[in-house]
Structures are given as structure tokens and as C-alpha cells.
>>> print(open('upload_6.txt').read())   # compact mmCIF, C-alpha atoms and all ligand atoms
# COMPACT_ATOMS: atom_id res chain seq x y z
CA MET R 3 12.83 6.92 2.16
CA THR R 4 15.11 5.16 -0.32
CA THR R 5 14.47 1.61 -1.51
CA GLU R 6 17.73 0.57 0.21
CA GLN R 7 16.43 1.93 3.52
CA LEU R 8 13.17 0.01 3.06
CA VAL R 9 15.06 -3.22 2.33
CA ALA R 10 17.24 -2.65 5.42
CA GLN R 11 14.11 -2.24 7.57
CA ILE R 12 12.65 -5.46 6.17
CA HIS R 13 15.76 -7.37 7.21
CA LYS R 14 16.01 -5.62 10.57
CA LYS R 15 12.38 -6.24 11.53
CA LYS R 16 12.15 -9.58 9.70
CA SER R 17 8.88 -8.44 8.21
CA PHE R 18 7.52 -7.24 4.89
CA LEU R 19 4.09 -6.51 6.31
CA CYS R 20 2.12 -3.38 5.43
CA ILE R 21 -0.89 -2.55 7.61
CA GLY R 22 -3.80 -0.79 5.94
CA LEU R 23 -5.37 2.03 7.93
CA ASP R 24 -8.84 2.02 6.37
CA VAL R 25 -10.83 3.61 9.16
CA ASP R 26 -14.59 3.15 9.06
CA LEU R 27 -16.38 4.83 11.97
CA THR R 28 -19.09 2.14 11.92
CA LYS R 29 -16.48 -0.55 12.61
CA ILE R 30 -14.23 0.96 15.27
CA PRO R 31 -14.80 0.39 19.02
CA LYS R 32 -17.68 2.49 20.33
CA HIS R 33 -15.72 4.06 23.19
CA LEU R 34 -13.47 5.85 20.66
CA LEU R 35 -16.45 7.71 19.23
CA GLU R 36 -16.56 9.75 22.44
CA THR R 37 -13.08 11.18 21.81
CA GLU R 38 -12.40 14.41 19.91
CA ASP R 39 -10.77 12.65 16.93
CA PRO R 40 -11.88 8.99 16.80
CA ILE R 41 -10.08 8.28 13.49
CA PHE R 42 -6.73 9.51 14.78
CA GLU R 43 -7.17 7.83 18.20
CA PHE R 44 -7.91 4.54 16.43
CA ASN R 45 -4.88 4.87 14.13
CA LYS R 46 -2.60 5.90 17.01
CA ALA R 47 -3.61 2.86 19.05
CA ILE R 48 -3.08 0.52 16.07
CA ILE R 49 0.31 2.11 15.25
CA ASP R 50 1.49 2.02 18.89
CA ALA R 51 0.59 -1.68 19.11
CA THR R 52 1.95 -2.83 15.73
CA HIS R 53 4.83 -0.59 14.53
CA HIS R 54 7.47 -3.16 15.54
CA LEU R 55 5.73 -5.85 13.45
CA CYS R 56 5.44 -4.09 10.09
CA VAL R 57 7.54 -1.94 7.75
CA ALA R 58 4.74 0.08 6.16
CA TYR R 59 1.33 1.63 6.79
CA LYS R 60 -1.15 2.31 4.02
CA PRO R 61 -4.04 4.65 4.75
CA ASN R 62 -6.56 4.39 1.94
CA ILE R 63 -7.43 8.04 1.27
CA ALA R 64 -11.11 7.30 0.46
CA PHE R 65 -11.70 6.37 4.11
CA TYR R 66 -10.59 9.89 5.14
CA GLU R 67 -12.16 11.88 2.30
CA ALA R 68 -15.50 10.27 3.17
CA TYR R 69 -15.49 12.26 6.45
CA GLY R 70 -14.82 15.62 4.78
CA ILE R 71 -12.54 18.17 6.40
CA ASP R 72 -12.45 16.21 9.70
CA GLY R 73 -11.27 13.10 7.85
CA TRP R 74 -8.53 15.05 6.05
CA LYS R 75 -7.36 16.51 9.39
CA SER R 76 -7.23 13.00 10.90
CA LEU R 77 -5.17 11.84 7.92
CA LYS R 78 -2.74 14.73 8.39
CA LYS R 79 -2.42 13.97 12.12
CA THR R 80 -1.81 10.28 11.33
CA ILE R 81 0.96 10.89 8.80
CA ASP R 82 2.56 13.54 11.05
CA TYR R 83 2.45 11.08 13.98
CA LEU R 84 4.13 8.40 11.85
CA ASN R 85 6.79 10.70 10.42
CA LYS R 86 7.63 12.14 13.86
CA ASN R 87 7.62 8.93 15.92
CA HIS R 88 8.45 6.24 13.35
CA PRO R 89 10.50 7.78 10.52
CA GLU R 90 11.77 4.26 9.71
CA ILE R 91 8.28 3.24 8.55
CA PHE R 92 7.45 3.41 4.83
CA THR R 93 4.18 5.30 4.28
CA ILE R 94 1.80 4.76 1.38
CA ALA R 95 -1.03 7.10 0.42
CA ASP R 96 -3.43 4.73 -1.32
CA ALA R 97 -5.05 7.46 -3.39
CA LYS R 98 -5.10 5.94 -6.91
CA ARG R 99 -4.60 9.34 -8.58
CA GLY R 100 -3.40 10.35 -12.06
CA ASP R 101 -4.53 13.14 -14.41
CA ILE R 102 -3.06 15.37 -17.13
CA GLY R 103 0.46 16.56 -16.32
CA ASN R 104 -0.14 19.85 -14.50
CA THR R 105 -2.91 18.30 -12.38
CA SER R 106 -0.76 15.27 -11.54
CA SER R 107 1.95 17.70 -10.36
CA MET R 108 -0.56 19.12 -7.87
CA TYR R 109 -1.54 15.64 -6.65
CA ALA R 110 2.15 14.86 -6.21
CA LYS R 111 2.69 18.04 -4.17
CA ALA R 112 -0.33 17.19 -2.00
CA PHE R 113 0.89 13.70 -1.10
CA PHE R 114 4.69 14.11 -1.19
CA GLU R 115 5.12 17.68 0.10
CA ASP R 116 2.09 18.70 2.18
CA LEU R 117 1.32 15.26 3.64
CA ALA R 118 4.92 13.99 3.30
CA PHE R 119 4.08 10.39 2.37
CA ASP R 120 6.89 8.21 0.99
CA SER R 121 4.70 6.90 -1.81
CA VAL R 122 1.36 7.18 -3.55
CA THR R 123 -0.69 4.75 -5.63
CA ILE R 124 -1.41 5.86 -9.22
CA ALA R 125 -3.77 4.63 -11.92
CA PRO R 126 -1.78 4.18 -15.17
CA TYR R 127 -4.67 4.65 -17.58
CA MET R 128 -3.84 8.26 -18.61
CA GLY R 129 -0.27 7.35 -19.51
CA LYS R 130 3.20 8.88 -19.40
CA ASP R 131 2.37 12.56 -18.74
CA SER R 132 0.04 11.56 -15.91
CA VAL R 133 2.69 9.43 -14.16
CA GLU R 134 5.98 11.29 -14.71
CA PRO R 135 5.12 14.29 -12.46
CA PHE R 136 5.05 11.85 -9.51
CA LEU R 137 8.31 10.19 -10.59
CA ALA R 138 10.11 13.55 -10.57
CA PHE R 139 10.24 13.57 -6.74
CA PRO R 140 13.56 12.10 -5.50
CA ASN R 141 13.32 9.36 -2.88
CA LYS R 142 9.53 9.21 -3.29
CA HIS R 143 7.83 6.20 -4.84
CA THR R 144 5.03 5.96 -7.35
CA ILE R 145 3.07 2.72 -7.03
CA LEU R 146 1.36 1.94 -10.32
CA LEU R 147 -1.77 -0.23 -10.43
CA ALA R 148 -0.59 -3.16 -12.54
CA LEU R 149 -2.90 -6.10 -11.81
CA THR R 150 -5.44 -5.33 -9.12
CA SER R 151 -6.95 -7.73 -6.61
CA ASN R 152 -10.62 -7.23 -7.51
CA GLN R 153 -12.76 -9.29 -9.89
CA GLY R 154 -13.06 -6.28 -12.24
CA ALA R 155 -9.34 -6.63 -13.00
CA PHE R 156 -10.41 -9.17 -15.63
CA ASP R 157 -12.55 -6.58 -17.46
CA PHE R 158 -9.51 -4.82 -18.98
CA GLN R 159 -6.19 -5.61 -17.28
CA THR R 160 -5.86 -9.21 -18.46
CA LYS R 161 -7.36 -8.55 -21.92
CA LYS R 162 -4.98 -8.82 -24.85
CA LEU R 163 -4.17 -5.76 -26.91
CA GLU R 164 -1.94 -6.47 -29.94
CA ASN R 165 -1.43 -9.98 -28.54
CA GLN R 166 -0.20 -8.94 -25.11
CA GLU R 167 -2.17 -8.53 -21.88
CA LEU R 168 -2.83 -4.91 -20.95
CA TYR R 169 -1.26 -5.25 -17.46
CA LYS R 170 1.99 -6.43 -19.10
CA GLN R 171 1.96 -3.48 -21.48
CA VAL R 172 1.38 -1.12 -18.54
CA ILE R 173 4.43 -2.54 -16.73
CA GLU R 174 6.67 -2.62 -19.81
CA THR R 175 5.73 0.87 -20.97
CA SER R 176 6.19 2.32 -17.48
CA LYS R 177 9.80 1.11 -17.53
CA THR R 178 10.48 3.63 -20.33
CA TYR R 179 9.27 6.62 -18.24
CA GLU R 180 11.77 9.15 -16.93
CA ASN R 181 12.89 8.31 -13.36
CA SER R 182 11.28 4.86 -13.66
CA GLU R 183 13.58 3.68 -10.88
CA ASN R 184 11.04 5.37 -8.55
CA LEU R 185 8.29 2.97 -9.63
CA MET R 186 6.69 0.19 -7.61
CA TYR R 187 3.61 -1.79 -8.69
CA VAL R 188 0.33 -3.00 -7.17
CA VAL R 189 -0.34 -6.67 -7.83
CA GLY R 190 -3.22 -8.33 -5.97
CA ALA R 191 -2.61 -11.38 -3.79
CA THR R 192 -5.71 -12.88 -5.39
CA LYS R 193 -3.75 -12.98 -8.68
CA ALA R 194 -0.93 -15.21 -7.34
CA SER R 195 -0.73 -17.25 -10.55
CA TYR R 196 0.43 -14.13 -12.45
CA PHE R 197 3.46 -13.35 -10.30
CA LYS R 198 5.83 -15.61 -12.29
CA GLU R 199 5.10 -13.70 -15.53
CA ILE R 200 5.29 -10.33 -13.78
CA ARG R 201 8.68 -11.12 -12.27
CA LYS R 202 10.01 -11.87 -15.80
CA ILE R 203 9.32 -8.20 -16.69
CA ILE R 204 10.27 -6.56 -13.39
CA PRO R 205 12.54 -8.96 -11.50
CA ASN R 206 13.66 -6.43 -8.89
CA SER R 207 10.86 -3.90 -8.48
CA PHE R 208 8.88 -3.67 -5.25
CA LEU R 209 5.33 -4.98 -5.45
CA LEU R 210 2.61 -3.77 -3.09
CA VAL R 211 0.35 -6.77 -2.63
CA PRO R 212 -3.16 -6.17 -1.20
CA GLY R 213 -5.72 -8.96 -0.96
CA VAL R 214 -4.52 -11.31 1.78
CA GLY R 215 -6.95 -11.76 4.66
CA ALA R 216 -10.39 -10.33 3.93
CA GLN R 217 -10.09 -10.87 0.13
CA GLY R 218 -8.83 -14.45 0.49
CA GLY R 219 -5.35 -14.18 -1.10
CA SER R 220 -2.55 -16.41 0.22
CA LEU R 221 0.82 -15.15 1.43
CA GLN R 222 2.41 -18.52 0.64
CA GLU R 223 1.13 -18.48 -2.94
CA VAL R 224 2.35 -14.91 -3.50
CA CYS R 225 5.81 -15.66 -2.12
CA LYS R 226 6.26 -18.72 -4.36
CA TYR R 227 6.98 -16.51 -7.40
CA GLY R 228 6.65 -12.96 -6.08
CA LEU R 229 9.85 -12.66 -4.06
CA SER R 230 12.83 -10.87 -5.61
CA SER R 231 16.49 -10.93 -4.60
CA ASN R 232 15.82 -8.00 -2.23
CA ILE R 233 12.46 -9.42 -1.02
CA GLY R 234 10.60 -6.91 -3.20
CA LEU R 235 7.20 -7.44 -1.60
CA LEU R 236 5.02 -5.42 0.73
CA ILE R 237 2.12 -7.61 1.80
CA ASN R 238 -0.86 -5.50 2.84
CA SER R 239 -3.68 -6.46 5.14
CA SER R 240 -6.23 -3.90 6.30
CA ARG R 241 -9.55 -5.26 7.64
CA GLY R 242 -8.03 -8.61 8.63
CA ILE R 243 -5.81 -6.80 11.14
CA ILE R 244 -7.46 -3.57 12.23
CA TYR R 245 -10.99 -4.94 12.67
CA ALA R 246 -10.09 -8.30 14.21
CA SER R 247 -11.80 -7.02 17.36
CA ASN R 248 -14.04 -4.00 17.98
CA ALA R 249 -13.88 -4.31 21.74
CA LYS R 250 -11.53 -2.42 24.07
CA ASP R 251 -8.76 -4.93 23.29
CA PHE R 252 -8.82 -4.04 19.53
CA ALA R 253 -5.19 -2.89 19.34
CA GLU R 254 -3.91 -5.98 21.18
CA VAL R 255 -5.89 -8.30 18.90
CA ALA R 256 -4.65 -6.36 15.84
CA ALA R 257 -1.08 -6.90 17.07
CA GLN R 258 -1.77 -10.64 17.39
CA LYS R 259 -3.10 -10.80 13.81
CA ALA R 260 -0.08 -8.82 12.56
CA THR R 261 2.22 -11.20 14.46
CA ASP R 262 0.53 -14.19 12.80
CA LEU R 263 1.19 -12.73 9.32
CA LYS R 264 4.75 -11.74 10.25
CA ASN R 265 5.39 -15.28 11.50
CA GLU R 266 4.19 -16.67 8.17
CA MET R 267 6.86 -14.52 6.47
CA GLN R 268 9.82 -15.93 8.39
CA GLU R 269 10.52 -18.85 6.05
CA PHE R 270 10.99 -16.39 3.17
CA LEU R 271 13.47 -14.05 4.86
O1 LIG Y 301 -5.76 -4.00 -6.23
C1 LIG Y 301 -5.99 -3.43 -5.17
C2 LIG Y 301 -5.54 -2.16 -4.89
C3 LIG Y 301 -5.80 -1.61 -3.67
N1 LIG Y 301 -6.48 -2.29 -2.72
C4 LIG Y 301 -6.68 -1.64 -1.42
O2 LIG Y 301 -5.96 -2.38 -0.42
C5 LIG Y 301 -6.73 -2.47 0.76
C6 LIG Y 301 -7.12 -3.91 1.02
O3 LIG Y 301 -7.89 -4.01 2.18
P1 LIG Y 301 -8.32 -5.40 2.87
O4 LIG Y 301 -9.24 -4.96 3.96
O5 LIG Y 301 -7.07 -6.06 3.38
O6 LIG Y 301 -9.01 -6.22 1.85
C7 LIG Y 301 -7.91 -1.53 0.56
O7 LIG Y 301 -7.53 -0.24 0.98
C8 LIG Y 301 -8.11 -1.56 -0.93
O8 LIG Y 301 -8.75 -0.42 -1.43
C9 LIG Y 301 -6.93 -3.54 -2.99
O9 LIG Y 301 -7.57 -4.21 -2.13
N2 LIG Y 301 -6.67 -4.08 -4.20
>>> encode(input="upload_6.txt", output="C-alpha cells")
Amino acid sequence: MTTEQLVAQIHKKKSFLCIGLDVDLTKIPKHLLETEDPIFEFNKAIIDATHHLCVAYKPNIAFYEAYGIDGWKSLKKTIDYLNKNHPEIFTIADAKRGDIGNTSSMYAKAFFEDLAFDSVTIAPYMGKDSVEPFLAFPNKHTILLALTSNQGAFDFQTKKLENQELYKQVIETSKTYENSENLMYVVGATKASYFKEIRKIIPNSFLLVPGVGAQGGSLQEVCKYGLSSNIGLLINSSRGIIYASNAKDFAEVAAQKATDLKNEMQEFL
């Protein structure tokens, strides 16, 4: 999917919501455990109930890898279901990969070719040759961890190196990479006070923003300085939506939570 197509969907649906599909078998409704593929059945129900409210879904790959080959099969079924039934939805493999060049090329093939995601999250720590293999794929997007939502972000990302914070150096350096127009960035909603500075460096790039809901970040605070001229934000919520109920009405309640977040977005569209 191109960035222009994503922006068009945001305006059409009046939403820049991304729903995280972080499936934990201990948290999903018990009746689904009796089905052949509980992870896929859970995702399918959530997608069927919420696809009109959001523009993106973000399965976090750890939640699938944790269940071994069955988890990977459920992931494949989920992305195939999305690509077949909702090709207008932007898909994000939250995998946080990145390695030396030839290994990164294999990660890129796994997520962009085999699984056919639109984007993948990448850790920037190994630098240019670890990121560029992902950027080489046309109309695919590489989402670089810039300033993460967790407390540990302060261990390194905000520390100054040669008088500039590391997260700023990551963003500035990444702009020099080949095909950097395919970059997006992760910035946590819990770091709302940093958005003004970040927008000075990347005024138009898309930012994937996790951390609203369960982690306590505020949509209003993020939008104050995070919006760009083409919206430029994908606000993610995972647990706050998908586990709002673990009874038989879980998909309905998830849709209500997604509607609440979408409604909060209206004043910014
Ligand atoms: O900085 C980051 C980067 C990624 N995440 C991921 O986003 C979701 C957030 O889930 P919630 O349940 O809405 O808290 C999850 O997959 C994280 O691994 C992040 O939170 N922060």
C-alpha cells in the first residue's frame, strides 16, 4: 500500500486507529479454546467487528511465535484473511527485527513477500546496512523504533551523544538512507512531550504511536504536536480494545472501545 492510499483511507474512514492483535490464549474467551484455531478465530471475530473503525491492524509477532508452529500458522491465516477481505487495511508486522545486511534481507522477504505485510517494525541499533534491505521493497514501509513507549526508553534513547539525544540522531541519520521515503517511525504515546521536537526533524513522516489505553498515553496529548499536514499518525491500542471483555460479547465490546477512540479522533480530522 502506498502512503497516499493510507492517507485516503484515513480521510474516508475518518479514523487513524490501528488495532493491535496481541493474542494471549490466557486472556481470550474460553469458548474459543474449543475451536481448531483459537488465535485465528479470535482475530477473525475482532477484525469482522472493527474493520470499519480502523485503518490498520498490528499483530505483534511475539504473541504468535510464543505458540510455535501453530502460532505462526495462525499469523499466516490472519494476514491472508486481511489481505483477501480487507485489502484497504494497512498491515503492520510488529516484529522489531534488524541484523547484518544479508540476514535483514531474509527478514524482509519473510514479512513482505511470504506473509505480505505492508510494513514491519525495525530496531535501528545495527545501523544503515541492517535497515536498507527493508527499504528496498517498493510500496512497503519500514517502521523504525525512534522513541519507544516503555520506561527503558530513557536508558539510551534520550541520552545525549555528542550533545544530541540518541533518538534524534537515529531519526536524522535514517533520513540519509537509500529509499528513506519508505520510512515511518515508532514514537510512544507516553512520550507526548517529545512530539514537537520530533516533528521539527520529520514534519511529514508517518508515526506509529503505541501506548494509549493500557500504558496510559493520551490521544489528545499526542495530537497536540504529533499531527502532520497529512495526519501522519497511526494510534495503536491493543489490550485496551481486544481484551475489553472476555465473555461471548468480546468482539462487540472491542468494537465499542474502538468506536470510543475513533470518536476522540474526529476533532483532528
Ligand atoms: O514503543 C513501543 C513499541 C511497540 N509497542 C507494542 O505496541 C503494543 C501496545 O500494546 P497495548 O496493549 O496497547 O499497550 C504492543 O504490541 C507492544 O509490544 C509498544 O507498546 N511500545
>>> axis_aligned_box(input="upload_6.txt", around="ligand LIG 301 (chain Y)", padding_each_side="4 Å", output="lines of an AutoDock Vina configuration file")
center_x = -7.4
center_y = -3.2
center_z = -1.1
size_x = 11.7
size_y = 14.0
size_z = 18.2
>>> closest_residue(input="upload_6.txt", among="R:Ala249, R:Val122, R:Leu77, R:Ala68", to="Leu137 in chain R", atoms="only C-alpha atoms")
R:Val122
>>> atom_distance(input="upload_6.txt", atom1="CA of Gly100 in chain R", atom2="CA of Gly129 in chain R")
8.6 Å
>>> atom_distance(input="upload_6.txt", atom1="CA of Ala10 in chain R", atom2="CA of Ile91 in chain R")
11.2 Å
>>> closest_residue(input="upload_6.txt", among="R:Val172, R:Val189, R:Ala194, R:Leu236", to="Gly219 in chain R", atoms="only C-alpha atoms")
R:Ala194
>>> residues_around(input="upload_6.txt", residues="range 201-211 of chain R", least_positions_apart="6", cutoff="9 Å", atoms="all atoms listed in the file", output="PyMOL selection string")
chain R and resi 5+20+145+150-151+170+173-174+177+183+185-191+224+227-239
>>> residues_near_ligand(input="upload_6.txt", ligand="ligand LIG 301 (chain Y)", cutoff="9 Å", atoms="only C-alpha atoms and all ligand atoms", output="short mmCIF file (atom, residue, chain, number, x, y, z; two decimals) with C-alpha atoms, keeping the file's coordinate frame")
data_model
loop_
_atom_site.label_atom_id
_atom_site.label_comp_id
_atom_site.auth_asym_id
_atom_site.auth_seq_id
_atom_site.Cartn_x
_atom_site.Cartn_y
_atom_site.Cartn_z
CA ILE R 21 -0.89 -2.55 7.61
CA GLY R 22 -3.80 -0.79 5.94
CA LEU R 23 -5.37 2.03 7.93
CA ASP R 24 -8.84 2.02 6.37
CA LYS R 60 -1.15 2.31 4.02
CA PRO R 61 -4.04 4.65 4.75
CA ASN R 62 -6.56 4.39 1.94
CA ILE R 63 -7.43 8.04 1.27
CA ALA R 64 -11.11 7.30 0.46
CA PHE R 65 -11.70 6.37 4.11
CA ASP R 96 -3.43 4.73 -1.32
CA ALA R 97 -5.05 7.46 -3.39
CA LYS R 98 -5.10 5.94 -6.91
CA THR R 123 -0.69 4.75 -5.63
CA LEU R 147 -1.77 -0.23 -10.43
CA ALA R 148 -0.59 -3.16 -12.54
CA LEU R 149 -2.90 -6.10 -11.81
CA THR R 150 -5.44 -5.33 -9.12
CA SER R 151 -6.95 -7.73 -6.61
CA ASN R 152 -10.62 -7.23 -7.51
CA ALA R 155 -9.34 -6.63 -13.00
CA VAL R 188 0.33 -3.00 -7.17
CA VAL R 189 -0.34 -6.67 -7.83
CA GLY R 190 -3.22 -8.33 -5.97
CA ALA R 191 -2.61 -11.38 -3.79
CA THR R 192 -5.71 -12.88 -5.39
CA LEU R 210 2.61 -3.77 -3.09
CA VAL R 211 0.35 -6.77 -2.63
CA PRO R 212 -3.16 -6.17 -1.20
CA GLY R 213 -5.72 -8.96 -0.96
CA VAL R 214 -4.52 -11.31 1.78
CA GLY R 215 -6.95 -11.76 4.66
CA ALA R 216 -10.39 -10.33 3.93
CA GLN R 217 -10.09 -10.87 0.13
CA GLY R 218 -8.83 -14.45 0.49
CA ASN R 238 -0.86 -5.50 2.84
CA SER R 239 -3.68 -6.46 5.14
CA SER R 240 -6.23 -3.90 6.30
CA ARG R 241 -9.55 -5.26 7.64
CA GLY R 242 -8.03 -8.61 8.63
CA ILE R 243 -5.81 -6.80 11.14
CA ILE R 244 -7.46 -3.57 12.23
CA TYR R 245 -10.99 -4.94 12.67
#
>>> residues_around(input="upload_6.txt", residues="Ala51 in chain R", least_positions_apart="4", cutoff="8 Å", atoms="only C-alpha atoms", output="list in words")
Ala47, Ala253, Glu254, Ala256 and Ala257 of chain R
>>> atom_distance(input="upload_6.txt", atom1="CA of Ser76 in chain R", atom2="CA of Gln258 in chain R")
25.1 Å
>>> closest_residue(input="upload_6.txt", among="R:Lys78, R:Lys161, R:Lys15, R:Lys111", to="Thr52 in chain R", atoms="only C-alpha atoms")
R:Lys15
>>> residues_around(input="upload_6.txt", residues="Lys14 in chain R", least_positions_apart="3", cutoff="12 Å", atoms="only C-alpha atoms", output="PyMOL selection string")
chain R and resi 7-11+17-18+54-57+90-91+271
>>> write_last_selection(input="upload_6.txt", atoms="C-alpha atoms", output="compact mmCIF listing (two decimals), keeping the file's coordinate frame")
# COMPACT_ATOMS: atom_id res chain seq x y z
CA GLN R 7 16.43 1.93 3.52
CA LEU R 8 13.17 0.01 3.06
CA VAL R 9 15.06 -3.22 2.33
CA ALA R 10 17.24 -2.65 5.42
CA GLN R 11 14.11 -2.24 7.57
CA SER R 17 8.88 -8.44 8.21
CA PHE R 18 7.52 -7.24 4.89
CA HIS R 54 7.47 -3.16 15.54
CA LEU R 55 5.73 -5.85 13.45
CA CYS R 56 5.44 -4.09 10.09
CA VAL R 57 7.54 -1.94 7.75
CA GLU R 90 11.77 4.26 9.71
CA ILE R 91 8.28 3.24 8.55
CA LEU R 271 13.47 -14.05 4.86
>>> build_atoms(input="upload_6.txt", residues="range 92-105 of chain R", atoms="N, CA and C atoms", output="compact mmCIF listing (two decimals), in the frame of the given file")
# COMPACT_ATOMS: atom_id res chain seq x y z
N PHE R 92 7.77 2.99 6.19
CA PHE R 92 7.45 3.41 4.83
C PHE R 92 5.95 3.73 4.79
N THR R 93 5.60 4.90 4.27
CA THR R 93 4.18 5.30 4.28
C THR R 93 3.63 5.37 2.85
N ILE R 94 2.43 4.85 2.70
CA ILE R 94 1.80 4.76 1.38
C ILE R 94 0.44 5.46 1.42
N ALA R 95 0.28 6.48 0.58
CA ALA R 95 -1.03 7.10 0.42
C ALA R 95 -1.74 6.32 -0.69
N ASP R 96 -2.71 5.50 -0.30
CA ASP R 96 -3.43 4.73 -1.32
C ASP R 96 -4.54 5.61 -1.87
N ALA R 97 -4.15 6.42 -2.88
CA ALA R 97 -5.05 7.46 -3.39
C ALA R 97 -5.51 7.18 -4.82
N LYS R 98 -4.76 6.34 -5.53
CA LYS R 98 -5.10 5.94 -6.91
C LYS R 98 -5.39 7.16 -7.78
N ARG R 99 -4.43 8.11 -7.81
CA ARG R 99 -4.60 9.34 -8.58
C ARG R 99 -4.02 9.20 -9.98
N GLY R 100 -3.90 10.33 -10.69
CA GLY R 100 -3.40 10.35 -12.06
C GLY R 100 -4.32 11.20 -12.92
N ASP R 101 -3.72 12.21 -13.59
CA ASP R 101 -4.53 13.14 -14.41
C ASP R 101 -3.57 13.75 -15.43
N ILE R 102 -4.01 14.73 -16.21
CA ILE R 102 -3.06 15.37 -17.13
C ILE R 102 -1.92 15.98 -16.32
N GLY R 103 -0.80 16.24 -16.99
CA GLY R 103 0.46 16.56 -16.32
C GLY R 103 0.38 17.60 -15.22
N ASN R 104 -0.19 18.79 -15.52
CA ASN R 104 -0.14 19.85 -14.50
C ASN R 104 -1.00 19.48 -13.29
N THR R 105 -2.07 18.72 -13.52
CA THR R 105 -2.91 18.30 -12.38
C THR R 105 -2.20 17.22 -11.57
